[in-house]
There are 2 protein chains.
Amino acid sequence: MIQQLIEKIQKTKAPICVGLDPMLSYVPEHVKAKAFKEHGETLEGAAEAIWQFNKEIVDHTWDLIPSVKPQIAMYEQFGLPGLAVYKKTVDYCQEKGLVVIGDAKRGDIGSTSAAYATAHIGKVQVGENVFQGFGTDFLTVNPYFGTDGVKPFVEACNANDKGIFILVKTSNPSSGEFQDRLIDGRPLYEWVAEKVVEWGSSSMDGDYSNVGAVVGATYPEMSRILRGLMPHTYFLVPGYGAQGGTAEDLKPCFNEDGLGAIVNSSRGIIAAYRQEKYAKCGPEHFGEASRQAVLDMAADISRVL
Amino acid sequence: MIQQLIEKIQKTKAPICVGLDPMLSYVPEHVKAKAFKEHGETLEGAAEAIWQFNKEIVDHTWDLIPSVKPQIAMYEQFGLPGLAVYKKTVDYCQEKGLVVIGDAKRGDIGSTSAAYATAHIGKVQVGENVFQGFGTDFLTVNPYFGTDGVKPFVEACNANDKGIFILVKTSNPSSGEFQDRLIDGRPLYEWVAEKVVEWGSSSMDGDYSNVGAVVGATYPEMSRILRGLMPHTYFLVPGYGAQGGTAEDLKPCFNEDGLGAIVNSSRGIIAAYRQEKYAKCGPEHFGEASRQAVLDMAADISRVL
């Protein structure tokens with residue numbers, strides 16, 4: 001699966017992932033008004049508004065990007081109708097040829113992780129039939145349980161040609177509280193990184209493993225060390241743009257071949273129309289603003305590679 | 001919310017939580033056959049089978065127990081129909097007067113954790129209206145992101161009189177891989193425990209905080225230390241029974257007042273009919289087997305308290 005992602009990155013020349021993390025407050029009034037008119041001010045109405053919002057953004061950006069990363073929390077908050085739109089978004093993006101990274105940060109004891117893996121990157125058997133629950137291409141995974149909580153995800157990768165990105169060093173301000181604590185002289189995130197390499201060693205797909213790592217853009221010095229520790233691990237890099245990470249900060253996430261990282265931007269792309277820079281598009285043409293923001297992001301990153 | 005749980009524990013004299021973690025393989029053939037006849041061998045058929053299975057178990061145990069803990073992964077694996085049954089199970093258990101602990105182990109950066117908190121223990125605003133996504137009473141939370149990833153859950157507890165249980169020391173075999181690593185001479189789980197106390201200090205509800213901890217039954221020596229570090233923190237204790245934890249192992253999880261912990265059993269209760277001990281019930285009376293298993297578990301635990 002990582003090869004598929006790399007090919008799309010090379011084709012688009014954009015190591016970019018658009019974070020489809022729609023807050024209702026990001027959705028322009030005219031989109032909300034239409035959805036509420038049809039479904040009322042209900043969970044279904046909110047879900048429909050988000051769906052129309054996503055669709056417009058995908059329709060305006062799919063030819064420029066290799067992948068999207070819907071954050072499932074933003075859909076879960078609207079309950080079942082929200083999750084139905086998560087699934088609809090996943091399906092639609094795959095129809096458009098995009099690699100879909102389900103951002104769900106799942107992780108639990110082995111038997112439960114196996115169920116999550118089945119749900120998101122696996123298949124479930126019902127009698128004689130086989131189904132996909134959500135069917136994303138990649139899933140983000142939390143490592144706190146250790147090997148037996150991660151292994152079912154790796155097995156699902158191997159069985160279904162899928163991929164995962166395991167949290168190593170996250171982009172948020174307090175990520176250091178536990179992740180940076182020193183164990184035998186080295187921060188926890190380095191120990192996690194070494195395990196990620198070990199877990200991914202049986203999942204090579206070309207030069208890289210299907211088992212990747214989440215490494216925040218906001219801590220470039222740490223990215224540099226992690227890049228060295230994990231030469232064959234693809235990085236999913238959150239934190240660029242709205243969270244404060246700059247293009248310069250991204251540089252150490254990449255290998256010398258210009259590969260090795262895919263950079264996510266959520267708010268910076270999907271709510272671009274609200275930035276002064278793209279205000280000329282107006283809320284009616286929010287998709288166009290997102291397209292322009294993708295082009296600007298790709299140019300910004302290619303500047304440092 | 002923790003007071004409500006404590007009152008129910010005192011009333012039932014059973015510090016027990018039934019883990020509603022239905023694998024399709026646990027569901028007796030006659031239940032599956034009926035569901036598949038109505039809905040085919042589909043995700044809907046699987047979901048219906050699980051719903052009938054859950055309902056029978058709840059109907060046979062609700063008067064003996066204070067709470068249930070549905071593990072959302074087991075529902076997610078059946079996609080949207082599975083999650084609809086998760087919601088249906090939550091609602092049904094609450095109608096029966098049970099405290100519902102949503103076992104979802106969510107956690108992310110602040111804005112995303114806020115969306116998860118809204119989804120599971122909060123309310124979402126849509127225009128003039130307010131809705132609950134899943135509406136459980138408690139939620140389990142993963143601490144890997146540190147304070148800003150946990151705070152939105154604590155705020156949701158305070159705003160809605162709900163509770164959370166934060167992973168401290170999990171019950172699985174490889175939990176020690178990261179959790180037991182020494183930082184300044186003390187294992188990571190102790191550092192997490194201290195943070196849990198800090199995070200929960202503004203959420204007191206009687207003698208205990210609405211911010212609890214997950215502490216596995218399988219490591220009693222560690223439970224003893226954690227009990228000392230977190231005197232006002234309620235423990236959700238997985239790992240009893242099928243995972244290997246015994247009643248003796250549970251003892252250090254409790255305070256001297258006999259409170260302070262609620263013990264989960266999943267397979268041991270919901271698949272009791274498959275144990276030799278309860279075989280006389282037969283698959284037709286699997287609910288009766290679960291009832292007997294609850295009574296036996298309560299007796300086993302009260303023996304050591």
# chains A, B, ... in the order shown; residues from 1 in each chain; ligands from 1

call {"tool": "select_by_dssp", "arguments": {"residues": "segment 37-260 of chain B", "states": "strand (DSSP E or B)", "output": "short mmCIF file (atom, residue, chain, number, x, y, z; two decimals) with all heavy atoms, in the first residue's frame"}}
result
data_model
loop_
_atom_site.label_atom_id
_atom_site.label_comp_id
_atom_site.auth_asym_id
_atom_site.auth_seq_id
_atom_site.Cartn_x
_atom_site.Cartn_y
_atom_site.Cartn_z
N SER B 67 -23.40 -1.75 36.31
CA SER B 67 -22.92 -1.14 35.06
C SER B 67 -22.54 -2.16 34.00
O SER B 67 -22.31 -3.34 34.29
CB SER B 67 -21.70 -0.26 35.36
OG SER B 67 -20.64 -1.06 35.81
N VAL B 68 -22.48 -1.66 32.78
CA VAL B 68 -21.99 -2.45 31.65
C VAL B 68 -20.91 -1.64 30.94
O VAL B 68 -20.84 -0.42 31.08
CB VAL B 68 -23.10 -2.78 30.63
CG1 VAL B 68 -24.12 -3.74 31.23
CG2 VAL B 68 -23.77 -1.51 30.12
N GLN B 71 -17.61 -2.54 24.49
CA GLN B 71 -16.36 -2.24 23.81
C GLN B 71 -16.70 -1.88 22.36
O GLN B 71 -17.12 -2.73 21.58
CB GLN B 71 -15.45 -3.46 23.87
CG GLN B 71 -14.23 -3.45 22.98
CD GLN B 71 -13.41 -2.19 23.10
OE1 GLN B 71 -13.51 -1.29 22.27
NE2 GLN B 71 -12.62 -2.10 24.16
N VAL B 99 -25.40 2.05 34.56
CA VAL B 99 -24.38 3.03 34.18
C VAL B 99 -23.60 2.42 33.01
O VAL B 99 -23.16 1.27 33.09
CB VAL B 99 -23.43 3.32 35.36
CG1 VAL B 99 -22.23 4.14 34.91
CG2 VAL B 99 -24.19 4.05 36.47
N VAL B 100 -23.44 3.20 31.96
CA VAL B 100 -22.80 2.66 30.75
C VAL B 100 -21.41 3.29 30.55
O VAL B 100 -21.28 4.50 30.41
CB VAL B 100 -23.66 2.90 29.51
CG1 VAL B 100 -22.97 2.33 28.26
CG2 VAL B 100 -25.03 2.26 29.68
N ILE B 101 -20.41 2.43 30.56
CA ILE B 101 -19.03 2.85 30.33
C ILE B 101 -18.68 2.53 28.88
O ILE B 101 -18.55 1.37 28.52
CB ILE B 101 -18.07 2.10 31.29
CG1 ILE B 101 -18.47 2.36 32.75
CG2 ILE B 101 -16.62 2.53 31.02
CD1 ILE B 101 -17.81 1.41 33.74
N GLY B 102 -18.58 3.56 28.07
CA GLY B 102 -18.19 3.36 26.67
C GLY B 102 -16.70 3.08 26.61
O GLY B 102 -15.90 3.93 26.99
N ASP B 103 -16.33 1.89 26.16
CA ASP B 103 -14.91 1.55 26.13
C ASP B 103 -14.39 1.82 24.73
O ASP B 103 -14.55 1.01 23.81
CB ASP B 103 -14.71 0.08 26.51
CG ASP B 103 -13.25 -0.19 26.86
OD1 ASP B 103 -12.42 0.72 26.74
OD2 ASP B 103 -12.96 -1.33 27.27
N ALA B 104 -13.80 3.00 24.56
CA ALA B 104 -13.40 3.44 23.22
C ALA B 104 -11.94 3.88 23.18
O ALA B 104 -11.40 4.09 22.09
CB ALA B 104 -14.30 4.58 22.77
N LYS B 105 -11.31 4.06 24.35
CA LYS B 105 -9.89 4.41 24.44
C LYS B 105 -9.53 5.55 23.49
O LYS B 105 -8.51 5.50 22.80
CB LYS B 105 -9.02 3.17 24.13
CG LYS B 105 -9.43 1.90 24.85
CD LYS B 105 -8.78 1.71 26.16
CE LYS B 105 -9.04 0.43 26.91
NZ LYS B 105 -9.93 -0.60 26.45
N ARG B 106 -10.36 6.59 23.43
CA ARG B 106 -10.10 7.70 22.54
C ARG B 106 -9.03 8.62 23.11
O ARG B 106 -8.80 8.66 24.33
CB ARG B 106 -11.39 8.48 22.26
CG ARG B 106 -12.51 7.67 21.58
CD ARG B 106 -12.10 7.09 20.24
NE ARG B 106 -13.24 6.60 19.47
CZ ARG B 106 -13.49 5.32 19.20
NH1 ARG B 106 -12.70 4.36 19.64
NH2 ARG B 106 -14.54 4.98 18.46
N VAL B 124 -23.76 18.00 21.16
CA VAL B 124 -23.36 18.76 19.97
C VAL B 124 -24.49 19.70 19.58
O VAL B 124 -25.67 19.34 19.63
CB VAL B 124 -22.95 17.80 18.82
CG1 VAL B 124 -24.14 17.03 18.27
CG2 VAL B 124 -22.24 18.56 17.71
N GLN B 125 -24.11 20.90 19.23
CA GLN B 125 -25.09 21.92 18.84
C GLN B 125 -25.25 21.88 17.33
O GLN B 125 -24.27 21.93 16.59
CB GLN B 125 -24.54 23.29 19.27
CG GLN B 125 -25.45 24.47 18.97
CD GLN B 125 -26.20 24.94 20.21
OE1 GLN B 125 -25.74 24.76 21.33
NE2 GLN B 125 -27.37 25.52 20.01
N VAL B 126 -26.48 21.79 16.88
CA VAL B 126 -26.77 21.90 15.44
C VAL B 126 -27.85 22.96 15.29
O VAL B 126 -29.01 22.72 15.64
CB VAL B 126 -27.26 20.56 14.84
CG1 VAL B 126 -27.51 20.71 13.34
CG2 VAL B 126 -26.27 19.44 15.10
N ASN B 129 -30.63 23.43 17.95
CA ASN B 129 -30.86 22.19 18.70
C ASN B 129 -29.58 21.58 19.26
O ASN B 129 -28.49 21.86 18.78
CB ASN B 129 -31.54 21.17 17.79
CG ASN B 129 -32.87 21.69 17.26
OD1 ASN B 129 -33.60 22.35 17.99
ND2 ASN B 129 -33.16 21.43 16.00
N VAL B 130 -29.78 20.74 20.28
CA VAL B 130 -28.65 20.09 20.93
C VAL B 130 -28.90 18.57 20.93
O VAL B 130 -30.00 18.12 21.24
CB VAL B 130 -28.50 20.61 22.38
CG1 VAL B 130 -27.49 19.79 23.15
CG2 VAL B 130 -28.08 22.08 22.37
N PHE B 131 -27.87 17.81 20.56
CA PHE B 131 -28.00 16.36 20.49
C PHE B 131 -26.85 15.66 21.21
O PHE B 131 -25.79 16.25 21.41
CB PHE B 131 -27.98 15.89 19.03
CG PHE B 131 -29.06 16.48 18.19
CD1 PHE B 131 -28.86 17.66 17.49
CD2 PHE B 131 -30.31 15.87 18.12
CE1 PHE B 131 -29.86 18.22 16.71
CE2 PHE B 131 -31.33 16.42 17.35
CZ PHE B 131 -31.10 17.60 16.65
N PHE B 138 -19.74 7.08 31.03
CA PHE B 138 -18.27 7.16 31.15
C PHE B 138 -17.66 6.82 29.79
O PHE B 138 -18.30 6.18 28.96
CB PHE B 138 -17.74 6.13 32.17
CG PHE B 138 -17.96 6.47 33.60
CD1 PHE B 138 -19.15 6.13 34.23
CD2 PHE B 138 -16.97 7.11 34.34
CE1 PHE B 138 -19.35 6.44 35.58
CE2 PHE B 138 -17.16 7.42 35.68
CZ PHE B 138 -18.36 7.08 36.30
N LEU B 139 -16.41 7.24 29.64
CA LEU B 139 -15.65 6.89 28.44
C LEU B 139 -14.23 6.54 28.86
O LEU B 139 -13.68 7.18 29.77
CB LEU B 139 -15.62 8.07 27.46
CG LEU B 139 -14.94 7.81 26.10
CD1 LEU B 139 -15.82 6.91 25.24
CD2 LEU B 139 -14.67 9.12 25.36
N THR B 140 -13.61 5.56 28.24
CA THR B 140 -12.19 5.30 28.50
C THR B 140 -11.34 6.17 27.56
O THR B 140 -11.72 6.43 26.42
CB THR B 140 -11.83 3.81 28.31
OG1 THR B 140 -12.22 3.40 27.00
CG2 THR B 140 -12.53 2.95 29.35
N VAL B 141 -10.20 6.62 28.09
CA VAL B 141 -9.37 7.62 27.40
C VAL B 141 -7.90 7.20 27.42
O VAL B 141 -7.41 6.67 28.42
CB VAL B 141 -9.56 9.00 28.09
CG1 VAL B 141 -8.51 10.01 27.62
CG2 VAL B 141 -10.97 9.54 27.84
N GLY B 163 -18.19 10.87 33.40
CA GLY B 163 -16.90 10.42 33.92
C GLY B 163 -16.02 9.82 32.83
O GLY B 163 -16.49 9.51 31.74
N ILE B 164 -14.74 9.72 33.14
CA ILE B 164 -13.81 9.02 32.24
C ILE B 164 -12.91 8.09 33.07
O ILE B 164 -12.75 8.28 34.27
CB ILE B 164 -12.91 9.98 31.42
CG1 ILE B 164 -12.14 10.95 32.34
CG2 ILE B 164 -13.74 10.75 30.41
CD1 ILE B 164 -11.16 11.85 31.59
N PHE B 165 -12.37 7.10 32.41
CA PHE B 165 -11.32 6.26 32.98
C PHE B 165 -10.13 6.34 32.03
O PHE B 165 -10.24 5.99 30.85
CB PHE B 165 -11.78 4.81 33.13
CG PHE B 165 -12.86 4.61 34.16
CD1 PHE B 165 -14.19 4.46 33.78
CD2 PHE B 165 -12.54 4.56 35.51
CE1 PHE B 165 -15.19 4.27 34.74
CE2 PHE B 165 -13.53 4.37 36.48
CZ PHE B 165 -14.87 4.23 36.09
N ILE B 166 -9.00 6.82 32.56
CA ILE B 166 -7.81 7.02 31.73
C ILE B 166 -6.88 5.82 31.87
O ILE B 166 -6.61 5.37 33.00
CB ILE B 166 -7.08 8.31 32.16
CG1 ILE B 166 -8.02 9.52 31.99
CG2 ILE B 166 -5.80 8.50 31.36
CD1 ILE B 166 -7.49 10.81 32.59
N LEU B 167 -6.36 5.33 30.78
CA LEU B 167 -5.44 4.20 30.81
C LEU B 167 -4.22 4.54 31.65
O LEU B 167 -3.53 5.52 31.38
CB LEU B 167 -4.94 3.86 29.40
CG LEU B 167 -5.99 3.45 28.37
CD1 LEU B 167 -5.29 3.15 27.04
CD2 LEU B 167 -6.76 2.24 28.85
N VAL B 168 -3.94 3.74 32.65
CA VAL B 168 -2.72 3.92 33.45
C VAL B 168 -1.85 2.68 33.26
O VAL B 168 -0.77 2.75 32.67
CB VAL B 168 -3.07 4.17 34.93
CG1 VAL B 168 -1.80 4.17 35.78
CG2 VAL B 168 -3.78 5.52 35.07
N LYS B 169 -2.35 1.54 33.72
CA LYS B 169 -1.61 0.28 33.53
C LYS B 169 -2.61 -0.73 32.97
O LYS B 169 -3.56 -1.11 33.65
CB LYS B 169 -1.05 -0.17 34.89
CG LYS B 169 -0.42 -1.56 34.88
CD LYS B 169 0.86 -1.63 34.05
CE LYS B 169 1.33 -3.08 33.94
NZ LYS B 169 2.45 -3.23 33.00
N LEU B 182 11.28 2.76 33.25
CA LEU B 182 11.60 3.66 34.36
C LEU B 182 12.01 5.05 33.87
O LEU B 182 12.88 5.19 33.01
CB LEU B 182 12.72 3.07 35.21
CG LEU B 182 12.38 1.77 35.94
CD1 LEU B 182 13.57 1.33 36.80
CD2 LEU B 182 11.13 1.90 36.80
N ILE B 183 11.40 6.04 34.47
CA ILE B 183 11.71 7.44 34.20
C ILE B 183 12.08 8.06 35.54
O ILE B 183 11.24 8.07 36.46
CB ILE B 183 10.48 8.16 33.60
CG1 ILE B 183 10.16 7.58 32.22
CG2 ILE B 183 10.70 9.67 33.55
CD1 ILE B 183 8.77 7.88 31.73
N ARG B 186 11.15 5.75 38.32
CA ARG B 186 9.77 5.30 38.52
C ARG B 186 9.13 4.95 37.19
O ARG B 186 9.33 5.64 36.20
CB ARG B 186 8.95 6.40 39.20
CG ARG B 186 9.50 6.79 40.57
CD ARG B 186 8.79 8.03 41.08
NE ARG B 186 7.38 7.75 41.30
CZ ARG B 186 6.44 8.70 41.42
NH1 ARG B 186 6.77 9.97 41.29
NH2 ARG B 186 5.20 8.38 41.64
N PRO B 187 8.29 3.89 37.16
CA PRO B 187 7.70 3.47 35.88
C PRO B 187 6.75 4.53 35.31
O PRO B 187 6.11 5.27 36.05
CB PRO B 187 6.94 2.19 36.24
CG PRO B 187 6.78 2.19 37.71
CD PRO B 187 7.90 3.01 38.28
N MET B 204 -14.12 16.41 41.49
CA MET B 204 -14.54 15.58 42.62
C MET B 204 -16.07 15.51 42.68
O MET B 204 -16.77 16.48 42.42
CB MET B 204 -13.98 16.13 43.93
CG MET B 204 -12.46 16.08 44.05
SD MET B 204 -11.76 14.40 43.92
CE MET B 204 -12.37 13.67 45.44
N ASP B 205 -16.55 14.32 43.03
CA ASP B 205 -18.00 14.08 43.14
C ASP B 205 -18.14 13.17 44.37
O ASP B 205 -18.10 11.96 44.26
CB ASP B 205 -18.47 13.39 41.85
CG ASP B 205 -19.95 13.05 41.85
OD1 ASP B 205 -20.71 13.72 42.57
OD2 ASP B 205 -20.34 12.10 41.12
N TYR B 208 -14.77 10.63 45.58
CA TYR B 208 -14.00 10.22 44.41
C TYR B 208 -14.15 11.21 43.27
O TYR B 208 -15.12 11.98 43.21
CB TYR B 208 -14.43 8.82 43.95
CG TYR B 208 -13.99 7.72 44.91
CD1 TYR B 208 -14.84 7.28 45.93
CD2 TYR B 208 -12.73 7.14 44.82
CE1 TYR B 208 -14.44 6.30 46.83
CE2 TYR B 208 -12.32 6.16 45.71
CZ TYR B 208 -13.17 5.73 46.71
OH TYR B 208 -12.76 4.77 47.59
N SER B 209 -13.20 11.17 42.37
CA SER B 209 -13.24 12.05 41.19
C SER B 209 -13.98 11.37 40.04
O SER B 209 -13.99 10.14 39.93
CB SER B 209 -11.81 12.37 40.75
OG SER B 209 -11.82 13.07 39.53
N VAL B 211 -12.88 11.55 37.26
CA VAL B 211 -11.77 11.13 36.40
C VAL B 211 -11.11 9.91 37.04
O VAL B 211 -10.41 10.02 38.05
CB VAL B 211 -10.75 12.27 36.22
CG1 VAL B 211 -9.54 11.82 35.42
CG2 VAL B 211 -11.43 13.47 35.54
N GLY B 212 -11.37 8.75 36.48
CA GLY B 212 -10.86 7.50 37.02
C GLY B 212 -9.68 6.97 36.22
O GLY B 212 -9.16 7.65 35.32
N ALA B 213 -9.27 5.75 36.55
CA ALA B 213 -8.10 5.14 35.92
C ALA B 213 -8.39 3.70 35.52
O ALA B 213 -9.12 2.99 36.22
CB ALA B 213 -6.92 5.17 36.89
N VAL B 214 -7.81 3.28 34.42
CA VAL B 214 -7.84 1.87 34.05
C VAL B 214 -6.59 1.22 34.62
O VAL B 214 -5.47 1.64 34.32
CB VAL B 214 -7.88 1.68 32.52
CG1 VAL B 214 -7.77 0.20 32.16
CG2 VAL B 214 -9.15 2.28 31.94
N VAL B 215 -6.80 0.22 35.48
CA VAL B 215 -5.68 -0.49 36.12
C VAL B 215 -5.97 -1.99 36.01
O VAL B 215 -6.93 -2.49 36.59
CB VAL B 215 -5.55 -0.08 37.61
CG1 VAL B 215 -4.44 -0.87 38.29
CG2 VAL B 215 -5.29 1.42 37.74
N PHE B 235 -10.97 2.99 40.12
CA PHE B 235 -10.27 2.14 39.14
C PHE B 235 -11.30 1.33 38.35
O PHE B 235 -12.18 0.69 38.94
CB PHE B 235 -9.33 1.14 39.84
CG PHE B 235 -8.09 1.74 40.44
CD1 PHE B 235 -7.89 3.12 40.49
CD2 PHE B 235 -7.12 0.91 40.98
CE1 PHE B 235 -6.74 3.65 41.05
CE2 PHE B 235 -5.97 1.43 41.56
CZ PHE B 235 -5.77 2.81 41.60
N LEU B 236 -11.15 1.35 37.06
CA LEU B 236 -11.85 0.38 36.20
C LEU B 236 -10.84 -0.73 35.96
O LEU B 236 -9.76 -0.48 35.41
CB LEU B 236 -12.26 1.04 34.89
CG LEU B 236 -12.80 0.11 33.79
CD1 LEU B 236 -14.08 -0.58 34.23
CD2 LEU B 236 -13.05 0.89 32.49
N VAL B 237 -11.19 -1.94 36.36
CA VAL B 237 -10.22 -3.03 36.39
C VAL B 237 -10.57 -4.13 35.38
O VAL B 237 -11.47 -4.93 35.61
CB VAL B 237 -10.13 -3.64 37.81
CG1 VAL B 237 -9.04 -4.70 37.87
CG2 VAL B 237 -9.90 -2.56 38.85
N TYR B 240 -9.88 -9.53 34.78
CA TYR B 240 -10.36 -10.60 35.66
C TYR B 240 -10.92 -11.74 34.82
O TYR B 240 -11.55 -11.50 33.78
CB TYR B 240 -11.44 -10.03 36.59
CG TYR B 240 -12.21 -11.07 37.39
CD1 TYR B 240 -11.71 -11.53 38.61
CD2 TYR B 240 -13.42 -11.57 36.93
CE1 TYR B 240 -12.42 -12.48 39.35
CE2 TYR B 240 -14.13 -12.52 37.67
CZ TYR B 240 -13.62 -12.98 38.88
OH TYR B 240 -14.33 -13.91 39.60
N GLY B 245 -6.73 -12.70 35.63
CA GLY B 245 -6.77 -12.08 36.96
C GLY B 245 -7.71 -12.83 37.90
O GLY B 245 -8.81 -13.21 37.51
#

call {"tool": "interface_residues", "arguments": {"of": "chain A", "to": "chain B", "cutoff": "8 Å", "atoms": "only C-alpha atoms", "output": "ChimeraX atom specification"}}
result
/A:41-43,46,71,73-74,76-80,83-84,105-110,112-113,115-120,124,126-129,131-134,142,144-149,170-179,181-184,188,192

call {"tool": "residues_around", "arguments": {"residues": "segment 217-231 of chain A", "least_positions_apart": "5", "cutoff": "7 Å", "atoms": "only C-alpha atoms", "output": "count of residues only"}}
result
14

call {"tool": "select_by_dssp", "arguments": {"residues": "segment 140-217 of chain A", "states": "alpha helix (DSSP H)", "output": "number ranges by chain"}}
result
A: 147-160, 176-179, 188-200

call {"tool": "residues_around", "arguments": {"residues": "Ala298 of chain A", "least_positions_apart": "4", "cutoff": "8 Å", "atoms": "only C-alpha atoms", "output": "list in words"}}
result
Lys13, Ala14, Pro15, Ile16, Val294 and Ser302 of chain A

call {"tool": "atom_distance", "arguments": {"atom1": "atom CA of Gly97 of chain A", "atom2": "atom CA of Lys151 of chain A"}}
result
28.4 Å

call {"tool": "atom_distance", "arguments": {"atom1": "atom CA of Gln94 of chain B", "atom2": "atom CA of Asn54 of chain B"}}
result
13.4 Å

call {"tool": "closest_residue", "arguments": {"among": "A:Lys55, A:Lys251, A:His39, A:His30", "to": "Ile301 of chain A", "atoms": "only C-alpha atoms"}}
result
A:Lys251

call {"tool": "residues_around", "arguments": {"residues": "Val31 of chain A", "least_positions_apart": "2", "cutoff": "9 Å", "atoms": "only C-alpha atoms", "output": "PDB file with N, CA and C atoms, in the first residue's frame"}}
result
ATOM      1  N   VAL A  27     -18.195  25.126   7.822  1.00  0.00           N
ATOM      2  CA  VAL A  27     -19.074  24.968   6.653  1.00  0.00           C
ATOM      3  C   VAL A  27     -19.762  26.303   6.349  1.00  0.00           C
ATOM      4  N   PRO A  28     -19.607  26.819   5.140  1.00  0.00           N
ATOM      5  CA  PRO A  28     -20.230  28.103   4.805  1.00  0.00           C
ATOM      6  C   PRO A  28     -21.755  28.084   5.012  1.00  0.00           C
ATOM      7  N   GLU A  29     -22.267  29.249   5.340  1.00  0.00           N
ATOM      8  CA  GLU A  29     -23.690  29.366   5.695  1.00  0.00           C
ATOM      9  C   GLU A  29     -24.617  28.810   4.613  1.00  0.00           C
ATOM     10  N   ALA A  33     -27.399  26.090   5.279  1.00  0.00           N
ATOM     11  CA  ALA A  33     -28.814  26.466   5.094  1.00  0.00           C
ATOM     12  C   ALA A  33     -29.526  25.441   4.210  1.00  0.00           C
ATOM     13  N   LYS A  34     -28.855  25.023   3.144  1.00  0.00           N
ATOM     14  CA  LYS A  34     -29.462  24.049   2.229  1.00  0.00           C
ATOM     15  C   LYS A  34     -29.675  22.691   2.926  1.00  0.00           C
ATOM     16  N   ALA A  35     -28.646  22.274   3.651  1.00  0.00           N
ATOM     17  CA  ALA A  35     -28.749  20.969   4.335  1.00  0.00           C
ATOM     18  C   ALA A  35     -29.827  21.001   5.417  1.00  0.00           C
ATOM     19  N   PHE A  36     -29.888  22.104   6.161  1.00  0.00           N
ATOM     20  CA  PHE A  36     -30.886  22.204   7.229  1.00  0.00           C
ATOM     21  C   PHE A  36     -32.294  22.305   6.652  1.00  0.00           C
ATOM     22  N   ALA A  49     -24.584  18.608   5.696  1.00  0.00           N
ATOM     23  CA  ALA A  49     -23.796  19.829   5.477  1.00  0.00           C
ATOM     24  C   ALA A  49     -22.315  19.481   5.347  1.00  0.00           C
ATOM     25  N   ILE A  50     -21.862  18.601   6.209  1.00  0.00           N
ATOM     26  CA  ILE A  50     -20.455  18.181   6.193  1.00  0.00           C
ATOM     27  C   ILE A  50     -20.123  17.404   4.930  1.00  0.00           C
ATOM     28  N   GLN A  52     -21.619  17.699   1.976  1.00  0.00           N
ATOM     29  CA  GLN A  52     -21.564  18.620   0.835  1.00  0.00           C
ATOM     30  C   GLN A  52     -20.271  19.441   0.865  1.00  0.00           C
ATOM     31  N   PHE A  53     -19.873  19.805   2.082  1.00  0.00           N
ATOM     32  CA  PHE A  53     -18.624  20.551   2.282  1.00  0.00           C
ATOM     33  C   PHE A  53     -17.431  19.717   1.808  1.00  0.00           C
ATOM     34  N   GLU A 284     -18.869  31.404  -1.166  1.00  0.00           N
ATOM     35  CA  GLU A 284     -19.545  30.629  -2.236  1.00  0.00           C
ATOM     36  C   GLU A 284     -18.547  29.746  -2.977  1.00  0.00           C
TER      37      GLU A 284
END

call {"tool": "residues_around", "arguments": {"residues": "Ser265 of chain A", "least_positions_apart": "4", "cutoff": "7 Å", "atoms": "only C-alpha atoms", "output": "PyMOL selection string"}}
result
chain A and resi 17-19+238+240-241+269

call {"tool": "write_last_selection", "arguments": {"atoms": "all heavy atoms", "output": "short mmCIF file (atom, residue, chain, number, x, y, z; two decimals), in the first residue's frame"}}
result
data_model
loop_
_atom_site.label_atom_id
_atom_site.label_comp_id
_atom_site.auth_asym_id
_atom_site.auth_seq_id
_atom_site.Cartn_x
_atom_site.Cartn_y
_atom_site.Cartn_z
N CYS A 17 -1.38 15.61 2.21
CA CYS A 17 -2.57 14.92 2.65
C CYS A 17 -3.54 16.00 3.11
O CYS A 17 -3.16 16.85 3.93
CB CYS A 17 -2.08 14.04 3.79
SG CYS A 17 -3.29 13.20 4.68
N VAL A 18 -4.73 16.02 2.56
CA VAL A 18 -5.72 17.01 2.99
C VAL A 18 -6.53 16.41 4.13
O VAL A 18 -7.17 15.37 3.96
CB VAL A 18 -6.62 17.46 1.83
CG1 VAL A 18 -7.79 18.32 2.35
CG2 VAL A 18 -5.82 18.23 0.80
N GLY A 19 -6.47 17.05 5.27
CA GLY A 19 -7.19 16.56 6.45
C GLY A 19 -8.65 16.95 6.38
O GLY A 19 -8.99 18.11 6.58
N PRO A 238 1.66 15.62 10.89
CA PRO A 238 0.65 16.64 11.19
C PRO A 238 1.34 17.87 11.76
O PRO A 238 2.54 17.83 12.09
CB PRO A 238 -0.20 15.97 12.26
CG PRO A 238 0.76 15.09 12.99
CD PRO A 238 1.82 14.67 11.99
N TYR A 240 1.58 21.01 10.33
CA TYR A 240 1.97 22.07 9.40
C TYR A 240 0.84 23.10 9.32
O TYR A 240 -0.33 22.74 9.36
CB TYR A 240 2.23 21.46 8.02
CG TYR A 240 2.40 22.46 6.88
CD1 TYR A 240 3.63 23.03 6.62
CD2 TYR A 240 1.31 22.81 6.08
CE1 TYR A 240 3.79 23.95 5.58
CE2 TYR A 240 1.45 23.73 5.04
CZ TYR A 240 2.69 24.30 4.80
OH TYR A 240 2.83 25.19 3.77
N GLY A 241 1.22 24.36 9.19
CA GLY A 241 0.20 25.40 8.97
C GLY A 241 -0.47 25.85 10.26
O GLY A 241 0.20 26.37 11.15
N ILE A 269 -6.33 24.03 4.74
CA ILE A 269 -6.88 23.76 3.40
C ILE A 269 -8.41 23.87 3.41
O ILE A 269 -8.99 24.60 2.61
CB ILE A 269 -6.51 22.33 2.91
CG1 ILE A 269 -4.99 22.11 2.94
CG2 ILE A 269 -7.09 22.06 1.52
CD1 ILE A 269 -4.19 22.83 1.90
#
